[in-house]
Amino acid sequence: MLKCIGLKSIKLHRHHNIKDFVCSVNVPLIIEIEDPHALESLRVENCCHNWFLRHKNMHFPHLKSLKLQRVKLNAKTFSNFSSFFPCLNELIINNCNGFKEFRLLSSSIKRLTIKMGLKNRIKAFIDTPNILYFEYSGDGDAVLPSIKFTTTSNEWKSKISLSCKLDRSDKDFLKLSKLLKALSQSHITLKFFHNVFKKLHIDDSYGGIYKPVVVEHLKLRGIFTSYLDPVILNCFFRICRPLYIHMDLYGDVQSKCIVVDYISKFISNEAGPDLEEVSIEVWDMKVKEWHCVKGTSFPALCFKQLIRFLLTWKEQ
């Protein structure tokens, strides 16, 4: 049921053969599922009441994917996930409200995505021993979350995407340091979108709370086009050790070359004694591969939009 107009409530019953159910409307409504035993995939959007309270005695034994967007939840909701959804593999929470902190315990969840909107700060304890992928996205002026992670997975990936302003104080980078530490056992991708930075004034004694965490991909989108504030990269280097720094380049060929040359030299000089080498790579759309750019071919990279810096650190 997509984009239905005029609905105030939905009650789903006698649906023994329905495995996938999607309810997406433009206005909040009440949703009731009478017999959820056959469902394997469920997506709910714009549910105005606490959806789980109406199903607190229900059991979704075969549900594998649950996607909730703009649904009212509470902290108690998450504590019941193991009993509610014993086979749940994927959970997506997108701009839901009604809670400021939660504790999620589930041995079945392998993919967990949390997306928060304006000024929503969450505190979460996540115990998912078999997690394979975790993603957190903060849009607008979302506040960095406080997350503690417990897992026994040896190989898992995490992705942090932020478009919030890290320009209030150095406290934002301290919070980011804590978040990276919580995810340090995973392969981390850290993304920042748009021109979100203003001038930072950080004391020279500033440093990350923890030892810098290895970040596989640091992606800076729309931030460094013709100007780079060195304070910003210094802040990143104090909390993480990126293996790749990705950038989008815009403007004419000359300005691109100037920016790339400047950033490459800056990284080499300012990343610290643990950095051994910096290389430049460009994305070849024809063969779908990254290629290293050397010496005389340097100007050629300025015709490419996607470039990245490969950083080689000691003791990796």
# chains A, B, ... in the order shown; residues from 1 in each chain; ligands from 1
$ select_by_dssp --residues "region 62-201 of chain A" --states "strand (DSSP E)" --output "PyMOL selection string"
chain A and resi 65-72+90-94+101-105+111-116+123-127+133-138+146-150+157-162+187-193
$ write_last_selection --atoms "N, CA and C atoms" --output "compact mmCIF listing (two decimals), in the first residue's frame"
# COMPACT_ATOMS: atom_id res chain seq x y z
N SER A 65 13.20 -9.05 7.54
CA SER A 65 13.55 -7.66 7.27
C SER A 65 12.48 -6.74 7.83
N LEU A 66 12.90 -5.76 8.65
CA LEU A 66 11.98 -4.79 9.24
C LEU A 66 12.53 -3.39 8.98
N LYS A 67 11.72 -2.56 8.29
CA LYS A 67 12.11 -1.20 7.97
C LYS A 67 11.07 -0.24 8.52
N LEU A 68 11.49 0.63 9.43
CA LEU A 68 10.60 1.57 10.08
C LEU A 68 11.03 2.99 9.78
N GLN A 69 10.11 3.80 9.29
CA GLN A 69 10.41 5.20 8.97
C GLN A 69 9.32 6.10 9.54
N ARG A 70 9.76 7.07 10.36
CA ARG A 70 8.83 8.00 11.03
C ARG A 70 7.75 7.22 11.80
N VAL A 71 8.21 6.26 12.57
CA VAL A 71 7.33 5.45 13.42
C VAL A 71 7.66 5.75 14.88
N LYS A 72 6.64 5.88 15.70
CA LYS A 72 6.85 6.16 17.11
C LYS A 72 7.26 4.88 17.84
N GLU A 90 17.68 -8.07 9.12
CA GLU A 90 17.91 -6.67 8.76
C GLU A 90 16.95 -5.76 9.49
N LEU A 91 17.49 -4.72 10.13
CA LEU A 91 16.67 -3.73 10.82
C LEU A 91 17.10 -2.33 10.37
N ILE A 92 16.13 -1.55 9.89
CA ILE A 92 16.37 -0.17 9.48
C ILE A 92 15.46 0.74 10.28
N ILE A 93 16.04 1.70 11.00
CA ILE A 93 15.29 2.68 11.77
C ILE A 93 15.59 4.05 11.17
N ASN A 94 14.60 4.64 10.53
CA ASN A 94 14.80 5.86 9.76
C ASN A 94 13.93 6.99 10.33
N GLU A 101 17.21 6.91 24.13
CA GLU A 101 18.23 5.87 24.30
C GLU A 101 17.56 4.51 24.20
N PHE A 102 18.36 3.51 23.87
CA PHE A 102 17.80 2.16 23.77
C PHE A 102 18.90 1.12 23.96
N ARG A 103 18.47 -0.08 24.26
CA ARG A 103 19.37 -1.23 24.40
C ARG A 103 18.85 -2.32 23.48
N LEU A 104 19.64 -2.68 22.49
CA LEU A 104 19.23 -3.66 21.49
C LEU A 104 20.08 -4.92 21.63
N LEU A 105 19.43 -6.03 21.91
CA LEU A 105 20.09 -7.32 22.00
C LEU A 105 19.45 -8.26 21.00
N ARG A 111 22.38 -6.94 9.74
CA ARG A 111 22.50 -5.62 9.13
C ARG A 111 21.62 -4.65 9.93
N LEU A 112 22.26 -3.58 10.44
CA LEU A 112 21.54 -2.60 11.24
C LEU A 112 21.84 -1.20 10.71
N THR A 113 20.77 -0.45 10.40
CA THR A 113 20.90 0.91 9.89
C THR A 113 20.07 1.85 10.74
N ILE A 114 20.69 2.94 11.21
CA ILE A 114 20.00 3.96 12.00
C ILE A 114 20.21 5.31 11.32
N LYS A 115 19.12 5.98 11.00
CA LYS A 115 19.18 7.31 10.39
C LYS A 115 18.39 8.28 11.25
N MET A 116 19.04 9.35 11.65
CA MET A 116 18.40 10.32 12.53
C MET A 116 18.36 11.69 11.87
N LYS A 123 21.45 7.60 22.58
CA LYS A 123 22.43 6.85 23.34
C LYS A 123 22.03 5.39 23.22
N ALA A 124 22.92 4.57 22.71
CA ALA A 124 22.53 3.19 22.39
C ALA A 124 23.58 2.20 22.89
N PHE A 125 23.08 1.08 23.41
CA PHE A 125 23.92 -0.08 23.69
C PHE A 125 23.46 -1.19 22.76
N ILE A 126 24.35 -1.62 21.89
CA ILE A 126 23.99 -2.59 20.85
C ILE A 126 24.77 -3.87 21.05
N ASP A 127 24.06 -4.94 21.30
CA ASP A 127 24.67 -6.26 21.49
C ASP A 127 24.15 -7.17 20.37
N TYR A 133 27.07 -5.70 9.20
CA TYR A 133 27.09 -4.34 8.66
C TYR A 133 26.29 -3.42 9.59
N PHE A 134 26.90 -2.29 9.96
CA PHE A 134 26.23 -1.27 10.76
C PHE A 134 26.39 0.07 10.08
N GLU A 135 25.29 0.85 10.03
CA GLU A 135 25.35 2.18 9.42
C GLU A 135 24.61 3.18 10.28
N TYR A 136 25.23 4.34 10.47
CA TYR A 136 24.57 5.46 11.13
C TYR A 136 24.66 6.67 10.23
N SER A 137 23.51 7.35 10.03
CA SER A 137 23.46 8.56 9.22
C SER A 137 22.82 9.67 10.03
N GLY A 138 23.45 10.83 10.04
CA GLY A 138 22.89 12.00 10.71
C GLY A 138 22.68 13.10 9.71
N SER A 146 25.91 8.48 20.94
CA SER A 146 26.76 7.77 21.87
C SER A 146 26.41 6.30 21.77
N ILE A 147 27.34 5.49 21.27
CA ILE A 147 27.03 4.09 20.98
C ILE A 147 28.10 3.19 21.60
N LYS A 148 27.64 2.13 22.25
CA LYS A 148 28.51 1.06 22.71
C LYS A 148 28.14 -0.20 21.95
N PHE A 149 29.15 -0.87 21.40
CA PHE A 149 28.92 -2.02 20.54
C PHE A 149 29.54 -3.27 21.16
N THR A 150 28.78 -4.36 21.17
CA THR A 150 29.28 -5.66 21.59
C THR A 150 29.00 -6.67 20.50
N LYS A 157 31.51 -4.61 8.73
CA LYS A 157 31.73 -3.27 8.20
C LYS A 157 30.81 -2.28 8.90
N SER A 158 31.31 -1.05 9.02
CA SER A 158 30.49 0.03 9.57
C SER A 158 30.65 1.26 8.69
N LYS A 159 29.60 2.07 8.67
CA LYS A 159 29.60 3.28 7.86
C LYS A 159 28.95 4.40 8.65
N ILE A 160 29.66 5.52 8.79
CA ILE A 160 29.14 6.70 9.47
C ILE A 160 29.03 7.82 8.44
N SER A 161 27.82 8.32 8.23
CA SER A 161 27.59 9.40 7.26
C SER A 161 27.02 10.60 8.00
N LEU A 162 27.70 11.74 7.91
CA LEU A 162 27.28 12.92 8.64
C LEU A 162 27.22 14.13 7.72
N HIS A 187 35.52 -2.66 9.77
CA HIS A 187 36.12 -1.92 8.66
C HIS A 187 35.28 -0.66 8.46
N ILE A 188 35.84 0.49 8.85
CA ILE A 188 35.06 1.73 8.96
C ILE A 188 35.15 2.58 7.69
N THR A 189 33.99 3.08 7.27
CA THR A 189 33.90 4.14 6.27
C THR A 189 33.29 5.36 6.94
N LEU A 190 33.96 6.50 6.84
CA LEU A 190 33.50 7.74 7.46
C LEU A 190 33.27 8.78 6.37
N LYS A 191 32.02 9.27 6.27
CA LYS A 191 31.65 10.19 5.19
C LYS A 191 31.13 11.50 5.74
N PHE A 192 31.56 12.61 5.11
CA PHE A 192 31.02 13.93 5.42
C PHE A 192 30.52 14.57 4.13
N PHE A 193 29.34 15.17 4.22
CA PHE A 193 28.69 15.71 3.03
C PHE A 193 28.63 17.24 3.07
$ residues_around --residues "His291 (chain A)" --least-positions-apart "3" --cutoff "10 Å" --atoms "only C-alpha atoms" --output "NGL selection string"
:A and (280-284 or 288 or 294 or 301 or 307-308)
$ residues_around --residues "Leu176 (chain A)" --least-positions-apart "4" --cutoff "9 Å" --atoms "only C-alpha atoms" --output "count of residues only"
8
$ atom_distance --atom1 "CA of Glu315 (chain A)" --atom2 "CA of Pro242 (chain A)"
13.5 Å
